[in-house]
file work.tsv (TSV, C-alpha atoms)
chain	number	residue	atom	x	y	z
B	1	MET	CA	30.87	13.16	17.94
B	2	LYS	CA	31.01	10.19	20.31
B	3	ALA	CA	27.69	11.24	21.85
B	4	LEU	CA	26.09	11.30	18.39
B	5	ASP	CA	27.45	7.83	17.62
B	6	GLU	CA	25.93	6.55	20.86
B	7	GLN	CA	22.56	8.09	19.98
B	8	LEU	CA	22.60	6.39	16.58
B	9	LYS	CA	23.46	3.07	18.25
B	10	GLU	CA	20.48	3.46	20.59
B	11	ARG	CA	18.22	3.85	17.55
B	12	SER	CA	19.36	0.54	16.06
B	13	SER	CA	16.09	-1.05	17.22
B	14	PHE	CA	14.32	1.05	14.57
B	15	GLU	CA	16.28	-0.82	11.93
B	16	GLU	CA	15.17	-4.15	13.39
B	17	THR	CA	11.54	-3.05	13.25
B	18	GLY	CA	11.96	-2.12	9.60
B	19	ASP	CA	13.71	-5.31	8.58
B	20	THR	CA	11.08	-7.49	10.25
B	21	HIS	CA	8.28	-5.46	8.60
B	22	SER	CA	6.44	-5.15	11.89
B	23	MET	CA	2.82	-3.95	11.80
B	24	PHE	CA	1.10	-2.60	14.89
B	25	THR	CA	-2.39	-1.66	13.64
B	26	ILE	CA	-4.68	-2.34	10.65
B	27	GLU	CA	-5.35	1.40	10.40
B	28	THR	CA	-2.74	3.57	8.70
B	29	PRO	CA	-1.22	5.64	11.56
B	30	LEU	CA	-2.36	9.23	11.01
B	31	ARG	CA	-2.35	12.26	13.31
B	32	SER	CA	-5.64	14.01	14.03
B	33	ASP	CA	-4.40	17.14	12.21
B	34	ALA	CA	-3.23	15.23	9.12
B	35	PHE	CA	-5.42	17.17	6.70
B	36	LEU	CA	-5.48	20.68	8.15
B	37	LYS	CA	-2.91	21.77	5.56
B	38	SER	CA	-3.78	21.93	1.87
B	39	ASP	CA	-1.93	19.84	-0.70
B	40	ALA	CA	-0.24	23.01	-1.93
B	41	GLU	CA	1.06	23.78	1.56
B	42	LYS	CA	2.36	20.26	1.99
B	43	ILE	CA	4.13	20.35	-1.37
B	44	ASN	CA	5.74	23.66	-0.50
B	45	ASN	CA	6.94	22.42	2.90
B	46	ILE	CA	8.19	19.04	1.65
B	47	GLU	CA	10.04	20.78	-1.19
B	48	LYS	CA	12.03	22.81	1.35
B	49	LEU	CA	12.69	19.85	3.61
B	50	PHE	CA	13.76	17.52	0.83
B	51	GLY	CA	16.06	20.22	-0.45
B	52	GLU	CA	17.70	20.19	2.97
B	53	ILE	CA	18.17	16.42	2.73
B	54	MET	CA	19.87	16.83	-0.63
B	55	GLU	CA	22.07	19.59	0.81
B	56	GLU	CA	23.11	17.29	3.67
B	57	LEU	CA	24.09	14.65	1.12
B	58	GLY	CA	26.39	17.21	-0.49
B	59	LEU	CA	24.44	17.59	-3.74
B	60	ASP	CA	24.61	20.83	-5.71
B	61	LEU	CA	21.06	22.19	-5.98
B	62	GLN	CA	22.23	24.81	-8.48
B	63	ASP	CA	22.85	22.07	-11.01
B	64	ASP	CA	20.27	22.18	-13.84
B	65	SER	CA	19.40	18.50	-13.37
B	66	LEU	CA	18.97	18.71	-9.57
B	67	LYS	CA	17.45	22.10	-8.86
B	68	GLY	CA	13.90	20.95	-9.61
B	69	THR	CA	14.19	17.66	-7.72
B	70	PRO	CA	12.88	18.88	-4.32
B	71	TYR	CA	9.69	20.14	-6.00
B	72	ARG	CA	9.31	17.00	-8.12
B	73	VAL	CA	9.68	14.75	-5.08
B	74	ALA	CA	7.24	16.83	-3.01
B	75	LYS	CA	4.61	16.78	-5.75
B	76	MET	CA	5.13	13.05	-6.28
B	77	TYR	CA	4.65	12.33	-2.58
B	78	VAL	CA	1.48	14.37	-2.14
B	79	ARG	CA	-0.28	13.96	-5.49
B	80	GLU	CA	0.91	10.53	-6.59
B	81	MET	CA	2.67	8.07	-4.28
B	82	PHE	CA	0.74	8.94	-1.11
B	83	GLN	CA	-2.55	10.28	-2.43
B	84	GLY	CA	-4.29	7.34	-0.74
B	85	LEU	CA	-3.70	8.98	2.65
B	86	ASN	CA	-6.36	11.59	1.89
B	87	PRO	CA	-9.91	10.23	2.42
B	88	GLU	CA	-11.13	12.66	-0.23
B	89	ASN	CA	-9.45	10.39	-2.78
B	90	LYS	CA	-11.30	7.28	-1.59
B	91	PRO	CA	-13.19	5.71	-4.52
B	92	SER	CA	-16.98	5.63	-4.44
B	93	LEU	CA	-18.02	1.98	-4.24
B	94	SER	CA	-21.49	1.76	-5.72
B	95	VAL	CA	-22.92	-1.76	-5.60
B	96	PHE	CA	-25.76	-3.23	-7.63
B	97	ASP	CA	-28.31	-5.98	-7.25
B	98	ASN	CA	-27.10	-9.35	-8.49
B	99	LYS	CA	-29.88	-9.64	-11.08
B	100	TYR	CA	-28.15	-12.48	-12.89
B	101	ARG	CA	-28.21	-14.47	-9.65
B	102	TYR	CA	-24.61	-15.49	-10.25
B	103	ASN	CA	-23.66	-17.32	-7.06
B	104	LYS	CA	-20.20	-18.65	-7.83
B	105	MET	CA	-16.80	-17.12	-7.22
B	106	LEU	CA	-15.98	-13.90	-9.10
B	107	VAL	CA	-12.23	-13.38	-9.45
B	108	GLU	CA	-10.34	-10.23	-10.41
B	109	LYS	CA	-6.69	-11.27	-10.80
B	110	ASP	CA	-3.37	-9.61	-11.61
B	111	ILE	CA	-4.33	-6.13	-10.40
B	112	THR	CA	-1.03	-4.27	-10.61
B	113	PHE	CA	-0.15	-1.73	-7.94
B	114	SER	CA	2.75	0.24	-6.57
B	115	SER	CA	3.07	1.26	-2.95
B	116	ALA	CA	5.85	2.26	-0.57
B	117	CYS	CA	7.28	0.55	2.50
B	118	GLU	CA	6.53	2.72	5.53
B	119	HIS	CA	9.83	1.69	7.15
B	120	HIS	CA	12.17	2.90	4.40
B	121	PHE	CA	9.90	4.72	1.92
B	122	LEU	CA	11.12	2.46	-0.87
B	123	PRO	CA	8.72	1.05	-3.49
B	124	ILE	CA	6.59	-2.05	-3.14
B	125	ILE	CA	5.61	-3.34	-6.58
B	126	GLY	CA	3.18	-6.16	-7.07
B	127	ARG	CA	-0.14	-7.69	-7.97
B	128	ALA	CA	-3.34	-8.23	-6.04
B	129	HIS	CA	-5.90	-10.97	-6.64
B	130	VAL	CA	-9.43	-10.62	-5.27
B	131	ALA	CA	-12.48	-12.86	-5.27
B	132	TYR	CA	-15.92	-12.72	-3.70
B	133	ILE	CA	-19.18	-14.62	-3.72
B	134	SER	CA	-22.21	-12.36	-4.00
B	135	SER	CA	-24.67	-12.21	-1.12
B	136	GLY	CA	-27.07	-10.32	-3.40
B	137	LYS	CA	-24.83	-7.41	-4.35
B	138	VAL	CA	-22.13	-7.00	-7.00
B	139	ILE	CA	-19.56	-4.31	-7.60
B	140	GLY	CA	-18.12	-2.93	-10.85
B	141	LEU	CA	-14.86	-4.64	-11.73
B	142	SER	CA	-12.93	-1.36	-12.07
B	143	LYS	CA	-13.95	-0.46	-8.51
B	144	ILE	CA	-11.98	-3.43	-7.19
B	145	ASN	CA	-8.91	-2.05	-8.97
B	146	ARG	CA	-9.62	1.38	-7.48
B	147	VAL	CA	-9.74	-0.07	-3.96
B	148	VAL	CA	-6.36	-1.74	-4.45
B	149	GLU	CA	-4.89	1.46	-5.86
B	150	TYR	CA	-6.31	3.61	-3.03
B	151	TYR	CA	-4.85	1.52	-0.21
B	152	GLY	CA	-1.58	1.08	-2.09
B	153	LYS	CA	-1.03	4.81	-2.47
B	154	ARG	CA	0.21	5.38	1.06
B	155	PRO	CA	3.17	4.31	3.19
B	156	GLN	CA	2.30	0.68	3.79
B	157	VAL	CA	3.01	-2.70	5.29
B	158	GLN	CA	1.83	-5.41	2.91
B	159	GLU	CA	-0.09	-7.26	5.60
B	160	ARG	CA	-2.03	-4.11	6.47
B	161	MET	CA	-2.77	-3.31	2.84
B	162	THR	CA	-4.16	-6.82	2.33
B	163	MET	CA	-6.42	-6.52	5.37
B	164	GLN	CA	-7.59	-3.02	4.39
B	165	ILE	CA	-8.63	-4.18	0.91
B	166	PHE	CA	-10.42	-7.17	2.45
B	167	GLN	CA	-12.29	-5.01	4.99
B	168	GLU	CA	-13.31	-2.43	2.38
B	169	LEU	CA	-14.78	-5.00	-0.01
B	170	LYS	CA	-16.40	-7.00	2.75
B	171	GLU	CA	-18.23	-3.92	4.01
B	172	ALA	CA	-19.18	-2.66	0.53
B	173	LEU	CA	-20.55	-6.03	-0.58
B	174	ASP	CA	-22.08	-6.90	2.81
B	175	THR	CA	-20.56	-10.36	2.79
B	176	GLU	CA	-17.86	-12.32	4.60
B	177	ASP	CA	-17.21	-14.30	1.44
B	178	VAL	CA	-14.16	-12.35	0.26
B	179	ILE	CA	-10.54	-13.38	-0.31
B	180	VAL	CA	-7.55	-11.17	-1.07
B	181	ALA	CA	-4.06	-12.30	-2.07
B	182	VAL	CA	-1.20	-9.86	-2.58
B	183	GLU	CA	2.16	-10.76	-4.11
B	184	ALA	CA	4.88	-8.11	-4.21
B	185	GLU	CA	8.54	-7.26	-4.46
B	186	HIS	CA	9.87	-4.97	-1.73
B	187	LEU	CA	12.74	-2.78	-2.83
B	188	CYS	CA	13.73	-2.38	0.82
B	189	VAL	CA	14.66	-6.07	0.56
B	190	SER	CA	16.03	-6.15	-2.99
B	191	THR	CA	18.06	-2.90	-2.99
B	192	ARG	CA	19.32	-2.64	0.61
B	193	GLY	CA	19.77	-4.81	3.69
B	194	VAL	CA	19.86	-8.42	2.55
B	195	ASN	CA	19.86	-7.35	-1.16
B	196	ASP	CA	17.76	-10.32	-2.27
B	197	LYS	CA	16.81	-9.74	-5.92
B	198	THR	CA	14.39	-12.63	-6.44
B	199	SER	CA	12.21	-13.06	-3.37
B	200	ARG	CA	8.54	-12.07	-3.31
B	201	THR	CA	6.17	-11.62	-0.38
B	202	ILE	CA	2.67	-13.15	-0.41
B	203	THR	CA	-0.09	-12.18	2.03
B	204	LEU	CA	-3.65	-13.47	2.37
B	205	GLU	CA	-6.87	-12.47	4.07
B	206	TYR	CA	-10.16	-14.30	3.74
B	207	GLY	CA	-13.44	-15.02	5.47
B	208	GLY	CA	-16.80	-16.74	5.17
B	209	LYS	CA	-16.95	-19.53	2.59
B	210	PHE	CA	-13.28	-19.04	1.76
B	211	LYS	CA	-12.39	-20.62	5.08
B	212	ASP	CA	-13.13	-23.87	3.23
B	213	GLU	CA	-9.81	-25.24	2.03
B	214	ALA	CA	-11.22	-26.66	-1.20
B	215	LEU	CA	-12.65	-23.28	-2.24
B	216	ARG	CA	-9.38	-21.52	-1.37
B	217	ASN	CA	-7.47	-24.06	-3.46
B	218	GLU	CA	-9.80	-23.38	-6.39
B	219	PHE	CA	-9.03	-19.67	-6.02
B	220	TYR	CA	-5.29	-20.35	-5.83
B	221	GLN	CA	-5.50	-22.44	-9.01
B	222	LEU	CA	-7.37	-19.70	-10.85
B	223	ILE	CA	-4.81	-17.03	-9.97
B	224	GLY	CA	-1.83	-19.32	-10.64
B	225	PHE	CA	-0.54	-19.72	-7.10
call {"tool": "encode", "arguments": {"input": "work.tsv", "output": "C-alpha cells"}}
result
Amino acid sequence: MKALDEQLKERSSFEETGDTHSMFTIETPLRSDAFLKSDAEKINNIEKLFGEIMEELGLDLQDDSLKGTPYRVAKMYVREMFQGLNPENKPSLSVFDNKYRYNKMLVEKDITFSSACEHHFLPIIGRAHVAYISSGKVIGLSKINRVVEYYGKRPQVQERMTMQIFQELKEALDTEDVIVAVEAEHLCVSTRGVNDKTSRTITLEYGGKFKDEALRNEFYQLIGF
C-alpha cells in the first residue's frame, strides 16, 4: 500500500500540467493507428472499460438506472463528444468568388460550442467569434460554425482549438486576414480544483490586417468584448 501511495505522489506533476492547461503542440496528439478500429469496435471496447471504472467506484451495474451507462458513455464519446477526432467528419469547406466585392470585415459571432478538457475530460462550454476580410473568396456562414464544431468535438486545450480554427479558415480562404476569439467556461475549473464558478477563459489568434490594433478593437466592439 505504501508503494502505491509513493507511485501516486510521483504522478503529482500530471495534476500540475492539467491545472496549468499546458499545451505542447497545435496538432491534436493522435497515434498513427488511431483509426484502424471501426467506431463500433471502439464503442464496444470503451463500454467494457468504462464498466470497469464504475465497478471500481463501487457502483452496482445491475441497477436498472446504471446498467446501460457504460454503453451510453461509450457511444457518447465516439459518436458525439469526440467525433471531431475522425478526419472523415471534417466539414467540406467550399469557397466562392466574392462577386459582390465586399472588402470589409465579415463577422460571425456567438457561435456556441461544447468541447472537453483533455486533462480531465470535463466539458468546456463557450462561444467562438470569427471574422475575416475576403481576398477574393468567401465561405458559407454555416461552414464557419461547422469548423468550430469540428475542432471542438475532441479532447482539447482552448488555445489549441483557437489556433486550429484560425489555421483552417486561413487556408480555406487563402488569406492571412482572419481573427478568432474563443470565450469559454471550463468545468475542470468550476467543478473541481479551485472551484471557481464565475471565471471565463478568452483566447485569441489573428493575422494579416488584424494585426492593426484599430481593426482588432473594431472587431472586439462588434462582438461585445
call {"tool": "atom_distance", "arguments": {"input": "work.tsv", "atom1": "CA of Ala116 (chain B)", "atom2": "CA of Tyr132 (chain B)"}}
result
26.6 Å
call {"tool": "closest_residue", "arguments": {"input": "work.tsv", "among": "B:Ser65, B:Thr162, B:Gln156, B:Ser134", "to": "Lys209 (chain B)", "atoms": "all atoms listed in the file"}}
result
B:Ser134
call {"tool": "atom_distance", "arguments": {"input": "work.tsv", "atom1": "CA of Ile202 (chain B)", "atom2": "CA of Leu141 (chain B)"}}
result
22.5 Å
call {"tool": "residues_around", "arguments": {"input": "work.tsv", "residues": "Val95 (chain B)", "least_positions_apart": "4", "cutoff": "10 Å", "atoms": "all atoms listed in the file", "output": "mmCIF file with C-alpha atoms, keeping the file's coordinate frame"}}
result
data_model
loop_
_atom_site.group_PDB
_atom_site.id
_atom_site.type_symbol
_atom_site.label_atom_id
_atom_site.label_comp_id
_atom_site.auth_asym_id
_atom_site.auth_seq_id
_atom_site.Cartn_x
_atom_site.Cartn_y
_atom_site.Cartn_z
ATOM 1 C CA GLY B 136 -27.070 -10.320 -3.400
ATOM 2 C CA LYS B 137 -24.830 -7.410 -4.350
ATOM 3 C CA VAL B 138 -22.130 -7.000 -7.000
ATOM 4 C CA ILE B 139 -19.560 -4.310 -7.600
ATOM 5 C CA GLY B 140 -18.120 -2.930 -10.850
ATOM 6 C CA LYS B 143 -13.950 -0.460 -8.510
ATOM 7 C CA ALA B 172 -19.180 -2.660 0.530
ATOM 8 C CA LEU B 173 -20.550 -6.030 -0.580
ATOM 9 C CA ASP B 174 -22.080 -6.900 2.810
#
call {"tool": "closest_residue", "arguments": {"input": "work.tsv", "among": "B:Val107, B:Leu57, B:Val73, B:Val78", "to": "Ile179 (chain B)", "atoms": "only C-alpha atoms"}}
result
B:Val107
